[in-house]
Structures are given as C-alpha cells and as structure tokens.
>>> print(open('work-v9.txt').read())   # compact mmCIF, C-alpha atoms and all ligand atoms
# COMPACT_ATOMS: atom_id res chain seq x y z
CA MET A 1 0.00 0.00 0.00
CA TYR A 2 2.74 2.47 0.94
CA PRO A 3 4.56 2.15 -2.43
CA LEU A 4 1.34 3.20 -4.16
CA PHE A 5 0.87 6.05 -1.70
CA PHE A 6 4.47 7.10 -2.25
CA ARG A 7 3.98 7.12 -6.01
CA LEU A 8 0.68 8.99 -5.92
CA VAL A 9 1.35 11.49 -3.14
CA PHE A 10 4.87 11.86 -1.76
CA SER A 11 6.75 11.52 -5.05
CA ARG A 12 4.73 14.46 -6.43
CA LEU A 13 5.65 16.71 -3.54
CA ASP A 14 8.95 18.45 -3.04
CA PRO A 15 11.01 15.96 -0.96
CA GLU A 16 11.49 18.36 1.94
CA ARG A 17 7.77 19.21 2.05
CA ALA A 18 6.95 15.52 2.00
CA HIS A 19 9.33 15.04 4.91
CA HIS A 20 7.68 17.75 7.02
CA LEU A 21 4.27 16.35 6.21
CA ALA A 22 5.34 12.85 7.26
CA VAL A 23 6.76 14.17 10.54
CA ARG A 24 3.53 16.05 11.21
CA TRP A 25 1.44 12.90 10.66
CA ILE A 26 3.73 10.78 12.82
CA ARG A 27 3.44 13.32 15.64
CA LEU A 28 -0.32 13.53 15.25
CA VAL A 29 -0.87 9.78 15.50
CA ALA A 30 1.50 9.55 18.46
CA ARG A 31 -0.54 12.17 20.30
CA VAL A 32 -3.70 10.04 20.42
CA PRO A 33 -3.31 7.40 23.16
CA VAL A 34 -5.58 4.69 21.71
CA LEU A 35 -4.18 5.13 18.23
CA ARG A 36 -0.53 5.11 19.25
CA THR A 37 -0.98 2.01 21.40
CA PHE A 38 -2.63 0.23 18.47
CA VAL A 39 0.02 1.34 15.96
CA ALA A 40 2.89 0.46 18.28
CA ALA A 41 1.43 -2.99 18.92
CA ALA A 42 1.27 -3.58 15.18
CA LEU A 43 4.52 -1.97 14.08
CA ALA A 44 6.89 -2.30 17.01
CA PRO A 45 6.58 -5.99 17.82
CA ARG A 46 8.94 -7.38 20.41
CA HIS A 47 10.98 -10.40 19.43
CA LYS A 48 12.66 -11.76 22.54
CA GLU A 49 15.65 -13.02 20.59
CA LEU A 50 16.44 -9.51 19.34
CA ARG A 51 17.06 -8.09 22.79
CA THR A 52 20.41 -6.42 22.69
CA GLU A 53 22.85 -4.93 25.13
CA ALA A 54 25.04 -2.22 23.70
CA LEU A 55 26.85 0.80 25.09
CA GLY A 56 25.76 -0.31 28.55
CA LEU A 57 22.12 0.08 27.46
CA ARG A 58 19.33 -2.44 27.07
CA LEU A 59 17.47 -2.40 23.77
CA HIS A 60 14.54 -4.40 22.42
CA SER A 61 16.28 -4.72 19.08
CA PRO A 62 19.52 -3.65 17.38
CA PHE A 63 17.67 -1.59 14.77
CA GLY A 64 17.13 2.15 14.98
CA LEU A 65 16.66 5.36 13.03
CA ALA A 66 19.78 7.19 11.86
CA ALA A 67 20.44 10.88 12.48
CA GLY A 68 18.94 13.55 10.23
CA PHE A 69 15.30 12.48 10.14
CA ASP A 70 14.38 14.12 13.44
CA LYS A 71 16.93 16.88 13.76
CA ASN A 72 15.04 18.83 16.42
CA ALA A 73 13.68 15.99 18.57
CA LEU A 74 10.09 16.59 17.53
CA ALA A 75 8.85 13.07 16.93
CA ILE A 76 10.78 10.65 19.16
CA ASP A 77 7.72 8.82 20.49
CA GLY A 78 6.11 8.67 17.06
CA LEU A 79 9.26 7.10 15.64
CA ALA A 80 9.43 4.62 18.52
CA MET A 81 5.79 3.83 17.76
CA LEU A 82 6.83 2.89 14.21
CA GLY A 83 9.31 0.37 15.58
CA PHE A 84 12.63 2.19 15.75
CA ASP A 85 14.14 0.89 18.92
CA HIS A 86 16.66 3.65 19.12
CA VAL A 87 16.23 7.08 17.64
CA GLU A 88 19.21 9.31 16.96
CA ILE A 89 18.16 12.95 16.91
CA GLY A 90 20.20 15.76 15.34
CA THR A 91 22.56 16.75 14.06
CA VAL A 92 22.21 19.55 16.59
CA THR A 93 24.74 22.38 16.44
CA GLY A 94 25.87 24.72 19.22
CA GLU A 95 23.85 27.60 17.75
CA PRO A 96 20.63 27.53 15.71
CA GLN A 97 21.08 27.81 11.94
CA PRO A 98 18.89 27.67 8.82
CA GLY A 99 21.02 25.26 6.78
CA ASN A 100 21.65 25.64 3.07
CA PRO A 101 19.25 27.39 0.71
CA ARG A 102 16.52 25.20 -0.80
CA LYS A 103 16.29 23.09 -2.90
CA ARG A 104 18.62 20.84 -0.90
CA LEU A 105 17.11 17.34 -0.91
CA PHE A 106 16.78 15.21 -4.04
CA ARG A 107 15.24 11.79 -4.69
CA LEU A 108 16.93 9.26 -6.94
CA VAL A 109 13.95 6.91 -7.05
CA GLN A 110 15.37 4.37 -9.50
CA ASP A 111 18.53 4.14 -7.41
CA ARG A 112 16.59 3.91 -4.13
CA ALA A 113 18.80 6.78 -3.01
CA LEU A 114 18.79 10.40 -1.89
CA ILE A 115 21.18 13.30 -2.24
CA ASN A 116 21.05 15.94 0.48
CA ARG A 117 22.89 19.12 1.25
CA MET A 118 20.69 20.19 4.14
CA GLY A 119 23.66 21.73 5.97
CA PHE A 120 22.57 20.99 9.56
CA ASN A 121 19.35 23.03 9.55
CA ASN A 122 18.35 22.86 13.22
CA GLU A 123 17.07 24.88 16.15
CA GLY A 124 20.37 24.73 18.04
CA SER A 125 21.50 23.03 21.24
CA ALA A 126 19.67 25.31 23.72
CA ALA A 127 16.25 24.88 22.09
CA VAL A 128 16.63 21.13 21.57
CA ALA A 129 17.86 20.65 25.15
CA ALA A 130 14.83 22.56 26.43
CA ARG A 131 12.50 20.38 24.34
CA LEU A 132 14.11 17.20 25.67
CA ALA A 133 13.95 18.47 29.24
CA ALA A 134 10.22 19.12 28.89
CA ARG A 135 9.51 15.74 27.31
CA THR A 136 7.60 12.96 29.06
CA PRO A 137 8.45 9.82 27.11
CA VAL A 138 5.55 7.57 26.17
CA PHE A 139 7.56 4.68 24.75
CA ARG A 140 10.82 3.39 26.13
CA THR A 141 13.29 4.20 23.37
CA VAL A 142 17.02 4.61 23.51
CA LEU A 143 17.75 8.21 22.59
CA GLY A 144 20.93 9.10 20.76
CA VAL A 145 21.93 12.74 20.39
CA ASN A 146 24.12 13.60 17.42
CA ILE A 147 26.07 16.88 17.60
CA GLY A 148 27.94 18.86 14.95
CA LYS A 149 29.63 22.17 14.31
CA THR A 150 27.77 25.44 13.75
CA LYS A 151 28.64 26.60 10.22
CA VAL A 152 29.85 30.11 11.13
CA VAL A 153 32.20 28.82 13.84
CA PRO A 154 35.74 28.59 12.44
CA GLU A 155 37.41 25.17 12.38
CA GLU A 156 39.92 26.21 15.11
CA GLU A 157 37.03 26.90 17.49
CA ALA A 158 35.06 23.79 16.61
CA ALA A 159 35.75 22.04 19.92
CA ALA A 160 34.15 24.84 21.96
CA ASP A 161 31.00 24.63 19.81
CA TYR A 162 30.76 20.85 20.28
CA VAL A 163 31.43 21.27 24.00
CA LYS A 164 28.55 23.74 24.28
CA SER A 165 26.19 21.20 22.69
CA ALA A 166 27.55 18.34 24.78
CA GLU A 167 27.07 20.22 28.04
CA ARG A 168 23.48 21.08 27.16
CA LEU A 169 22.44 17.81 25.58
CA ALA A 170 24.36 15.02 27.34
CA PRO A 171 22.00 15.08 30.36
CA HIS A 172 19.15 14.04 28.04
CA ALA A 173 21.07 11.53 25.93
CA ASP A 174 21.39 7.77 26.31
CA TYR A 175 24.38 8.13 24.02
CA LEU A 176 26.14 11.06 22.37
CA VAL A 177 27.57 11.14 18.83
CA VAL A 178 30.25 13.48 17.55
CA ASN A 179 29.46 13.95 13.87
CA VAL A 180 32.56 14.87 11.89
CA SER A 181 31.44 13.35 8.63
CA SER A 182 28.70 15.42 7.04
CA PRO A 183 29.83 16.66 3.63
CA ASN A 184 27.60 19.73 3.87
CA THR A 185 29.44 21.87 6.42
CA PRO A 186 32.65 23.24 4.91
CA GLY A 187 35.75 21.86 6.64
CA LEU A 188 33.81 19.54 8.96
CA ARG A 189 35.33 16.35 7.63
CA ASN A 190 38.84 17.69 8.28
CA LEU A 191 38.02 17.03 11.93
CA GLN A 192 38.31 13.30 11.18
CA ALA A 193 42.10 13.64 11.00
CA THR A 194 43.44 12.22 14.25
CA GLN A 195 45.35 15.37 15.22
CA ALA A 196 42.03 17.28 15.18
CA LEU A 197 39.83 14.42 16.36
CA ARG A 198 41.86 13.53 19.48
CA PRO A 199 41.47 16.92 21.22
CA LEU A 200 37.86 17.22 20.02
CA LEU A 201 36.76 13.87 21.41
CA THR A 202 38.69 14.46 24.62
CA ALA A 203 36.99 17.82 25.12
CA VAL A 204 33.52 16.40 24.42
CA ARG A 205 34.17 13.46 26.79
CA GLU A 206 35.15 15.90 29.55
CA ALA A 207 32.13 18.10 28.84
CA ALA A 208 29.75 15.13 29.04
CA ASP A 209 31.34 14.03 32.32
CA ARG A 210 31.03 17.54 33.74
CA ALA A 211 27.39 17.78 32.69
CA VAL A 212 26.31 14.34 33.85
CA THR A 213 27.39 12.79 37.10
CA GLY A 214 26.12 9.46 38.34
CA ARG A 215 26.27 7.76 34.94
CA ARG A 216 28.69 7.76 32.08
CA VAL A 217 27.12 8.90 28.82
CA PRO A 218 28.52 6.68 26.03
CA LEU A 219 30.39 8.67 23.37
CA LEU A 220 30.58 7.67 19.71
CA VAL A 221 32.03 9.20 16.57
CA LYS A 222 30.36 9.05 13.15
CA ILE A 223 32.63 8.73 10.15
CA ALA A 224 32.40 9.17 6.39
CA PRO A 225 32.55 6.37 3.84
CA ASP A 226 34.95 8.49 1.81
CA LEU A 227 37.86 8.12 4.23
CA ALA A 228 40.86 6.32 2.80
CA ASP A 229 41.38 2.89 4.35
CA GLU A 230 44.43 4.11 6.34
CA ASP A 231 42.31 6.90 7.79
CA VAL A 232 39.60 4.43 8.81
CA ASP A 233 42.32 2.48 10.61
CA ALA A 234 43.61 5.66 12.25
CA VAL A 235 40.14 6.51 13.62
CA ALA A 236 39.78 2.91 14.85
CA ASP A 237 43.11 3.11 16.67
CA LEU A 238 42.23 6.47 18.16
CA ALA A 239 38.89 5.12 19.38
CA VAL A 240 40.69 2.33 21.21
CA GLU A 241 43.33 4.72 22.57
CA LEU A 242 40.72 7.13 23.94
CA GLY A 243 38.39 4.45 25.25
CA LEU A 244 35.63 5.71 22.98
CA ASP A 245 32.41 3.70 23.28
CA GLY A 246 31.54 3.39 19.64
CA ILE A 247 31.97 4.27 15.99
CA ILE A 248 29.07 4.84 13.58
CA ALA A 249 29.90 3.84 10.03
CA THR A 250 28.90 5.54 7.83
CA ASN A 251 27.52 8.92 6.91
CA THR A 252 26.59 9.82 3.30
CA THR A 253 29.14 9.79 0.46
CA VAL A 254 30.33 12.52 -1.88
CA ALA A 255 31.27 9.82 -4.40
CA ARG A 256 29.19 9.31 -7.54
CA GLU A 257 31.52 7.33 -9.80
CA GLY A 258 31.37 3.56 -9.95
CA LEU A 259 28.08 3.36 -8.09
CA GLY A 260 26.04 2.48 -11.18
CA LEU A 261 23.63 5.36 -10.62
CA ARG A 262 20.65 5.38 -12.96
CA ALA A 263 19.23 8.82 -12.16
CA ALA A 264 19.67 11.64 -14.69
CA PRO A 265 23.12 13.25 -14.65
CA SER A 266 21.45 16.56 -13.75
CA VAL A 267 20.38 14.96 -10.44
CA THR A 268 23.48 12.87 -9.71
CA ALA A 269 25.55 16.02 -10.25
CA GLU A 270 23.79 17.80 -7.35
CA THR A 271 26.25 18.69 -4.59
CA GLY A 272 25.73 16.86 -1.31
CA GLY A 273 25.81 13.48 0.37
CA LEU A 274 24.44 10.42 -1.37
CA SER A 275 22.61 7.88 0.79
CA GLY A 276 20.60 4.73 0.23
CA ALA A 277 21.23 1.59 -1.81
CA PRO A 278 24.33 2.79 -3.72
CA LEU A 279 26.13 3.34 -0.40
CA LYS A 280 25.60 -0.23 0.79
CA GLU A 281 28.83 -1.89 -0.27
CA ARG A 282 31.21 0.86 0.85
CA SER A 283 29.53 1.22 4.25
CA LEU A 284 29.79 -2.53 4.75
CA GLU A 285 33.43 -2.47 3.73
CA VAL A 286 34.25 0.30 6.21
CA LEU A 287 32.44 -1.59 8.95
CA ARG A 288 34.38 -4.80 8.21
CA ARG A 289 37.63 -2.90 8.30
CA LEU A 290 36.77 -1.27 11.62
CA HIS A 291 35.77 -4.58 13.15
CA ALA A 292 38.98 -6.24 12.02
CA ARG A 293 40.87 -3.44 13.76
CA VAL A 294 38.94 -2.92 17.01
CA GLY A 295 37.37 -6.35 17.60
CA ASP A 296 34.98 -6.07 20.51
CA ARG A 297 36.84 -3.19 22.19
CA VAL A 298 34.63 -0.58 20.52
CA THR A 299 30.91 -0.94 19.73
CA LEU A 300 30.20 -0.57 16.03
CA VAL A 301 27.02 0.84 14.56
CA GLY A 302 26.37 -0.08 10.91
CA VAL A 303 24.51 2.41 8.71
CA GLY A 304 24.41 3.20 5.01
CA GLY A 305 22.20 1.54 2.40
CA ILE A 306 20.38 -0.82 4.75
CA GLU A 307 17.10 -1.66 3.01
CA ASP A 308 15.94 -4.97 4.43
CA ALA A 309 16.56 -7.59 7.09
CA GLU A 310 19.23 -9.29 4.99
CA ASP A 311 21.23 -6.04 4.82
CA ALA A 312 20.90 -5.56 8.58
CA TRP A 313 21.91 -9.18 9.22
CA ARG A 314 25.01 -8.81 7.00
CA ARG A 315 26.06 -5.75 9.03
CA ILE A 316 25.69 -7.71 12.25
CA LEU A 317 27.77 -10.59 10.89
CA ALA A 318 30.34 -8.00 9.76
CA GLY A 319 30.68 -6.63 13.29
CA ALA A 320 27.83 -4.22 13.97
CA THR A 321 26.14 -4.48 17.35
CA LEU A 322 23.58 -1.86 16.32
CA VAL A 323 22.25 -1.01 12.87
CA GLN A 324 20.47 2.07 11.59
CA GLY A 325 18.85 3.38 8.46
CA TYR A 326 17.23 6.44 6.99
CA SER A 327 16.79 6.53 3.18
CA ALA A 328 14.92 3.23 2.86
CA PHE A 329 12.37 4.55 5.37
CA ILE A 330 11.44 7.21 2.81
CA TYR A 331 10.87 4.61 0.11
CA GLN A 332 9.38 1.81 2.19
CA GLY A 333 7.31 3.71 4.75
CA PRO A 334 5.82 2.88 8.13
CA PHE A 335 6.08 -0.94 7.87
CA TRP A 336 9.81 -0.84 7.24
CA ALA A 337 11.11 -1.36 10.77
CA ARG A 338 8.59 -4.12 11.41
CA GLY A 339 9.83 -6.08 8.40
CA ILE A 340 13.42 -5.70 9.53
CA HIS A 341 12.66 -6.95 13.05
CA LYS A 342 10.72 -9.92 11.73
CA GLY A 343 13.37 -10.84 9.19
CA LEU A 344 16.22 -10.42 11.66
CA ALA A 345 14.53 -12.64 14.24
CA ALA A 346 13.92 -15.30 11.57
CA ARG A 347 17.53 -15.14 10.41
CA LEU A 348 18.85 -15.48 13.92
CA ARG A 349 16.56 -18.46 14.62
CA SER A 350 17.76 -20.33 11.56
CA SER A 351 21.42 -19.41 12.13
CA PRO A 352 23.98 -21.38 14.13
CA TYR A 353 24.14 -18.55 16.70
CA ALA A 354 22.36 -18.84 20.01
CA THR A 355 22.14 -15.09 20.55
CA LEU A 356 22.46 -11.94 18.55
CA ALA A 357 25.65 -11.14 20.42
CA ASP A 358 27.16 -14.41 19.15
CA ALA A 359 26.38 -13.36 15.58
CA VAL A 360 28.15 -9.99 15.87
CA GLY A 361 31.31 -10.17 13.78
CA ALA A 362 30.86 -13.88 13.03
CA ASP A 363 31.74 -13.38 9.35
CA VAL A 364 35.04 -11.82 10.19
CA ARG A 365 35.90 -14.60 12.66
CA LYS A 366 35.01 -17.22 10.04
CA HIS A 367 37.41 -15.71 7.51
CA ALA A 368 40.18 -15.02 10.02
C1 LIG B 1 18.09 14.03 4.33
C2 LIG B 1 19.18 13.47 5.17
C3 LIG B 1 19.68 14.20 6.25
C4 LIG B 1 20.69 13.69 7.04
N1 LIG B 1 21.14 14.43 8.10
C5 LIG B 1 22.09 13.91 8.90
C6 LIG B 1 22.53 14.62 10.04
O1 LIG B 1 22.03 15.69 10.35
N2 LIG B 1 23.51 14.07 10.81
C7 LIG B 1 24.06 12.85 10.52
O2 LIG B 1 24.94 12.39 11.26
N3 LIG B 1 23.66 12.15 9.44
C8 LIG B 1 22.69 12.63 8.64
N4 LIG B 1 22.27 11.92 7.57
C9 LIG B 1 22.95 10.64 7.25
C10 LIG B 1 22.21 9.43 7.80
O3 LIG B 1 22.15 9.47 9.20
C11 LIG B 1 22.90 8.14 7.35
O4 LIG B 1 24.19 8.07 7.92
C12 LIG B 1 23.03 8.04 5.84
O5 LIG B 1 21.89 8.56 5.21
C13 LIG B 1 23.25 6.61 5.39
O6 LIG B 1 22.18 5.79 5.75
P1 LIG B 1 20.98 5.41 4.72
O7 LIG B 1 21.63 4.93 3.47
O8 LIG B 1 20.19 4.36 5.44
O9 LIG B 1 20.21 6.65 4.50
C14 LIG B 1 21.24 12.41 6.76
C15 LIG B 1 20.76 11.67 5.68
C16 LIG B 1 19.74 12.17 4.90
C17 LIG B 1 19.21 11.33 3.75
>>> encode(input="work-v9.txt", output="structure tokens", more="lines below")
Ligand SMILES: Cc1cc2nc3c(=O)[nH]c(=O)nc-3n(C[C@H](O)[C@H](O)[C@H](O)COP(=O)(O)O)c2cc1C
Amino acid sequence: MYPLFFRLVFSRLDPERAHHLAVRWIRLVARVPVLRTFVAAALAPRHKELRTEALGLRLHSPFGLAAGFDKNALAIDGLAMLGFDHVEIGTVTGEPQPGNPRKRLFRLVQDRALINRMGFNNEGSAAVAARLAARTPVFRTVLGVNIGKTKVVPEEEAAADYVKSAERLAPHADYLVVNVSSPNTPGLRNLQATQALRPLLTAVREAADRAVTGRRVPLLVKIAPDLADEDVDAVADLAVELGLDGIIATNTTVAREGLGLRAAPSVTAETGGLSGAPLKERSLEVLRRLHARVGDRVTLVGVGGIEDAEDAWRRILAGATLVQGYSAFIYQGPFWARGIHKGLAARLRSSPYATLADAVGADVRKHA
C-alpha cells in the first residue's frame, strides 16, 4: 500500500515538504493514546531473541533510526511507535542555523537513493535541550543525540562549539555522537584527522562528564565512507586509545563514480551526500575494516544503504552491534522497521548462533 501512496502522493511533492508532512502525521498519531498504542502494537513488535545490550544500554532490538530524520527531537515517540528501537536525533549544532538554501534534498527513485545538502538546519542546542527536558516519554526508546559544528564557527574553534552542545544535551542523551562526517558543512570532515579528532573527542568526553554525574554517557564518533582505508584504521586506533564507546559507520558519500547510478546526470551532479542503496557496499566495507581493527573493544554501529533484514543481518555478521537506516524509510514507509525486526529474528533463529551477540562479527571470525 505504501509504495502506491508514495507514487501517488509523496513523489509528487517536493522531498522536503513531503518530509515535514510525514513528521507532522507521525506526531499527530503519536498524540492520540488509543491510536498510538494500536500502531505500536502492530509496528513495534517485540521479538525476545532480538534483545540487545550495547553501550551499557538495554534495547529491544539492534535496529534504529539514523540521524537527520528528526533533527530537532520533535517526533521521538512517534518514531518509537513505528518500531525504531533507538532514535538518533540531530545533528544539533551549538547555535541555531537555517542550513543551506533550498532546494537541498533530491530523490533518486530508481537508485533507491537520496542526495542531500541540508547543511545541519536545526534549532540549536539550547532549544533542543529545552525540548528534551520538557519531554515525558511515552515509549521506552534509547535516545541518541548527534552533535555537529555550527557553520559560522571557524574550524579552530570547533571544539568549543561541540562542548557547548555536549554540556546542554548530554544530560538528556542515552548516548552522544560526535558527527565529523557530514559533507555539507565546509571543513567539517577535516576534523576526522586524528590530530584534530583527538582533542575534540577528549573535550567532548570531559564536557559530558562535567554535565552528567552518576552515569557515564557513552560517546561515539560518526565517520564518512569516503575516508581512505588508512584513515579508517587511524580513527579505529584512536577510538581504542581514547576508550571511545563506539563508531558509527557511515555517513553519506560525496562519491558518484562507480556506483552504477541510474538517475539523470542533472540529479546525480547535485552537490551533497548520497545515501541509500548505492552506499551499501562501501559502508559494509568500512564496517568490516573497523571490526577487524577494534574487535569487541569498541561498539560498532552499521549504517548506510540498509534496506531490508538481509542487509541488517550482514552488518551484524560483519561486526555491527547496532544497525540504523534512513533513506529506505522514505521509500518503504511505516512498515519498514517491522519487516526488519521480523526478518532479523527469523535469520537469527535459523542461524547457528544462540544469541544476537554471538552473531556480531561472526563473518570476520570465520574468515580469520
Ligand atoms: C536528508 C538526510 C539528512 C541527514 N542528516 C544527517 C545529520 O544531520 N547528521 C548525521 O549524522 N547524518 C545525517 N544523515 C545521514 C544518515 O544518518 C545516514 O548516515 C546516511 O543517510 C546513510 O544511511 P541510509 O543509506 O540508510 O540513508 C542524513 C541523511 C539524509 C538522507
């Protein structure tokens, strides 16, 4: 039903308008107690075998929604209602900012992909922190908070901007993500170089510890698929050195070549990050490489081109403890997470692994 709806309604709307409309509907349904209970029962089924422990947190399932869909923490319960067992909000920047001029989001329907150059449009860390503070959660969801640099802040002062966000947002976060991999903020990805990343992650760790006493907020870094293999290794080594809790691999790619894109050149030539199916293989490759390097010392989160349960299962076998997606949600709609949970549970049951934790990284061990 959703594919038809997508074709008849959403695909005719500007992608960003369609997004805002979808968020509005999700929020609306989640506001009506009877309705949300019914929808959650149908779409967020609980499979006992998918229970997961990661980052010191207990989750119903390893599958969640990647950053960027709910930048301002407007629809967390609605997204939990649709079956996302963790929701990563953001990217939130130190200060509010409008993002890039529109049009800045493009559909590549035939490629099951998107290109975006949103540029961290968000209400800023103070407003989002206030919204989270005022929130009374309806569903128990793990809440990730993804932070990034305000565009006008120069690269040399990036750490202070991240620290501001961390201090405000860590108290509300189950885990915190330092995003240094969006292609749409000039210079941001330079922060992935270890000489810049080490002091940045250290400063954010200290800020989170200052802001939250009594528990340790897990800290993760999100990296780009466009890093050279040696740079992926360098981030992995740094994560181990700093005792970082996790690495999220990957963000969108600036690559276009060799991905077999079918969309018109006028669309593929749009500046921005490409996400969805064409990103699948590179994201998986980066994940494998990270796992080979860090083993179980750092929790890995697999994201990029995950469309179905088989994709999610392959990420788990490659070393991901958690998996996330975004673009396929646009194309597959509200039943997407449900299908992934069902398929993952079935795969685990018919696998040689007793638990999901046993399956994590099993591929890599087999080939070692
Ligand atoms: C429209 C759009 C906006 C995004 N915004 C963010 C963001 O603000 N912060 C971030 O870390 N990732 C952002 N992402 C990247 C996703 O979180 C994810 O890493 C990427 O899309 C790959 O996953 P997918 O192929 O399942 O979409 C965005 C992606 C899209 C499509």
>>> closest_atom_pairs(input="work-v9.txt", of="chain A", to="ligand LIG 1 (chain B)", cutoff="8 Å", atoms="only C-alpha atoms and all ligand atoms", output="Markdown table")
| residue | atom | partner | partner_atom | distance |
| --- | --- | --- | --- | --- |
| A:Leu65 | CA | B:LIG1 | O3 | 7.9 |
| A:Ala66 | CA | B:LIG1 | O3 | 4.2 |
| A:Ala67 | CA | B:LIG1 | O3 | 4.0 |
| A:Gly68 | CA | B:LIG1 | N1 | 3.2 |
| A:Phe69 | CA | B:LIG1 | C3 | 6.1 |
| A:Lys71 | CA | B:LIG1 | O1 | 6.2 |
| A:Gly90 | CA | B:LIG1 | O1 | 5.3 |
| A:Thr91 | CA | B:LIG1 | O1 | 3.9 |
| A:Val92 | CA | B:LIG1 | O1 | 7.3 |
| A:Leu105 | CA | B:LIG1 | C1 | 6.3 |
| A:Ala113 | CA | B:LIG1 | O7 | 7.3 |
| A:Leu114 | CA | B:LIG1 | C17 | 5.7 |
| A:Ile115 | CA | B:LIG1 | C17 | 6.6 |
| A:Asn116 | CA | B:LIG1 | C1 | 5.2 |
| A:Arg117 | CA | B:LIG1 | C1 | 7.6 |
| A:Met118 | CA | B:LIG1 | C3 | 6.4 |
| A:Gly119 | CA | B:LIG1 | O1 | 7.6 |
| A:Phe120 | CA | B:LIG1 | O1 | 5.4 |
| A:Asn121 | CA | B:LIG1 | O1 | 7.9 |
| A:Asn146 | CA | B:LIG1 | O2 | 6.3 |
| A:Ile147 | CA | B:LIG1 | N2 | 7.8 |
| A:Gly148 | CA | B:LIG1 | N2 | 7.7 |
| A:Asn179 | CA | B:LIG1 | O2 | 5.4 |
| A:Ser181 | CA | B:LIG1 | O2 | 7.1 |
| A:Ser182 | CA | B:LIG1 | C7 | 6.3 |
| A:Lys222 | CA | B:LIG1 | O2 | 6.6 |
| A:Ala249 | CA | B:LIG1 | O4 | 7.4 |
| A:Thr250 | CA | B:LIG1 | O4 | 5.3 |
| A:Asn251 | CA | B:LIG1 | O4 | 3.6 |
| A:Thr252 | CA | B:LIG1 | C12 | 4.7 |
| A:Gly273 | CA | B:LIG1 | C15 | 7.5 |
| A:Leu274 | CA | B:LIG1 | O5 | 7.3 |
| A:Ser275 | CA | B:LIG1 | O7 | 4.1 |
| A:Gly276 | CA | B:LIG1 | O7 | 3.4 |
| A:Ala277 | CA | B:LIG1 | O7 | 6.3 |
| A:Pro278 | CA | B:LIG1 | O7 | 8.0 |
| A:Leu279 | CA | B:LIG1 | O7 | 6.1 |
| A:Lys280 | CA | B:LIG1 | O7 | 7.0 |
| A:Val303 | CA | B:LIG1 | O6 | 5.1 |
| A:Gly304 | CA | B:LIG1 | O6 | 3.5 |
| A:Gly305 | CA | B:LIG1 | O7 | 3.6 |
| A:Ile306 | CA | B:LIG1 | O8 | 5.2 |
| A:Glu307 | CA | B:LIG1 | O8 | 7.2 |
| A:Gln324 | CA | B:LIG1 | O8 | 6.6 |
| A:Gly325 | CA | B:LIG1 | O8 | 3.4 |
| A:Tyr326 | CA | B:LIG1 | O9 | 3.9 |
| A:Ser327 | CA | B:LIG1 | O9 | 3.7 |
| A:Ala328 | CA | B:LIG1 | O8 | 6.0 |
| A:Phe329 | CA | B:LIG1 | O8 | 7.8 |
>>> residues_around(input="work-v9.txt", residues="Leu300 in chain A", least_positions_apart="5", cutoff="6 Å", atoms="only C-alpha atoms", output="MDAnalysis selection string")
chainID A and resid 246:247 320:321
>>> residues_around(input="work-v9.txt", residues="Ile340 in chain A", least_positions_apart="6", cutoff="8 Å", atoms="all atoms listed in the file", output="list of chain:residue names")
A:Phe63, A:Asp308, A:Ala309, A:Ala312
>>> residues_around(input="work-v9.txt", residues="range 23-29 of chain A", least_positions_apart="5", cutoff="8 Å", atoms="all atoms listed in the file", output="list in words")
Leu35, Arg36, Leu74, Ala75, Asp77, Gly78 and Leu79 of chain A
>>> closest_residue(input="work-v9.txt", among="A:Thr136, A:Ser350, A:Thr37, A:Gln192", to="His172 in chain A", atoms="all atoms listed in the file")
A:Thr136
>>> closest_residue(input="work-v9.txt", among="A:Asp14, A:Asp363, A:Glu156, A:Glu310", to="Arg288 in chain A", atoms="all atoms listed in the file")
A:Asp363
>>> residues_around(input="work-v9.txt", residues="Lys164 in chain A", least_positions_apart="3", cutoff="6 Å", atoms="all atoms listed in the file", output="PDB file with C-alpha atoms, keeping the file's coordinate frame")
ATOM      1  CA  GLY A  94      25.870  24.720  19.220  1.00  0.00           C
ATOM      2  CA  ASP A 161      31.000  24.630  19.810  1.00  0.00           C
ATOM      3  CA  GLU A 167      27.070  20.220  28.040  1.00  0.00           C
TER       4      GLU A 167
END
>>> closest_residue(input="work-v9.txt", among="A:Val87, A:Val142, A:Ala129, A:Ile316", to="Arg58 in chain A", atoms="only C-alpha atoms")
A:Val142
>>> atom_distance(input="work-v9.txt", atom1="CA of Val267 in chain A", atom2="CA of Arg107 in chain A")
8.3 Å
>>> atom_distance(input="work-v9.txt", atom1="CA of Leu287 in chain A", atom2="CA of Val301 in chain A")
8.2 Å
>>> closest_residue(input="work-v9.txt", among="A:Ile89, A:Asp311, A:Pro334, A:Thr194", to="Phe6 in chain A", atoms="all atoms listed in the file")
A:Pro334
>>> atom_distance(input="work-v9.txt", atom1="CA of Gln97 in chain A", atom2="CA of Ala208 in chain A")
23.0 Å
>>> closest_residue(input="work-v9.txt", among="A:Ala134, A:Ala18, A:Val323, A:Val178", to="Ala203 in chain A", atoms="all atoms listed in the file")
A:Val178
>>> residues_around(input="work-v9.txt", residues="Val364 in chain A", least_positions_apart="4", cutoff="8 Å", atoms="only C-alpha atoms", output="compact mmCIF listing (two decimals) with C-alpha atoms, keeping the file's coordinate frame")
# COMPACT_ATOMS: atom_id res chain seq x y z
CA ARG A 288 34.38 -4.80 8.21
CA HIS A 291 35.77 -4.58 13.15
CA ALA A 292 38.98 -6.24 12.02
CA LEU A 317 27.77 -10.59 10.89
CA ALA A 318 30.34 -8.00 9.76
CA GLY A 319 30.68 -6.63 13.29
CA ALA A 368 40.18 -15.02 10.02
>>> axis_aligned_box(input="work-v9.txt", around="range 268-283 of chain A", padding_each_side="6 Å", output="lines of an AutoDock Vina configuration file")
center_x = 25.9
center_y = 8.4
center_z = -3.0
size_x = 22.6
size_y = 32.6
size_z = 26.5
>>> closest_residue(input="work-v9.txt", among="A:Pro154, A:Pro265, A:Gly343, A:Pro15", to="Thr185 in chain A", atoms="all atoms listed in the file")
A:Pro154
>>> residues_near_point(input="work-v9.txt", point="(41.7, 12.9, 14.6)", cutoff="10 Å", atoms="all atoms listed in the file", output="VMD selection string")
chain A and resid 180 190 to 201 231 234 to 235 238 to 239
>>> build_atoms(input="work-v9.txt", residues="range 262-269 of chain A", atoms="N, CA and C atoms", output="CSV table (one decimal), in the frame of the given file")
chain,number,residue,atom,x,y,z
A,262,ARG,N,21.5,5.4,-11.8
A,262,ARG,CA,20.6,5.4,-13.0
A,262,ARG,C,19.9,6.7,-13.1
A,263,ALA,N,19.9,7.5,-12.1
A,263,ALA,CA,19.2,8.8,-12.2
A,263,ALA,C,19.9,9.7,-13.2
A,264,ALA,N,19.2,10.7,-13.7
A,264,ALA,CA,19.7,11.6,-14.7
A,264,ALA,C,20.9,12.3,-14.2
A,265,PRO,N,21.9,12.6,-15.1
A,265,PRO,CA,23.1,13.2,-14.6
A,265,PRO,C,22.8,14.6,-14.0
A,266,SER,N,21.8,15.3,-14.4
A,266,SER,CA,21.4,16.6,-13.8
A,266,SER,C,21.2,16.4,-12.3
A,267,VAL,N,20.7,15.2,-11.9
A,267,VAL,CA,20.4,15.0,-10.4
A,267,VAL,C,21.6,14.4,-9.7
A,268,THR,N,22.3,13.5,-10.4
A,268,THR,CA,23.5,12.9,-9.7
A,268,THR,C,24.6,13.9,-9.5
A,269,ALA,N,24.5,15.0,-10.4
A,269,ALA,CA,25.6,16.0,-10.2
A,269,ALA,C,25.3,17.0,-9.1
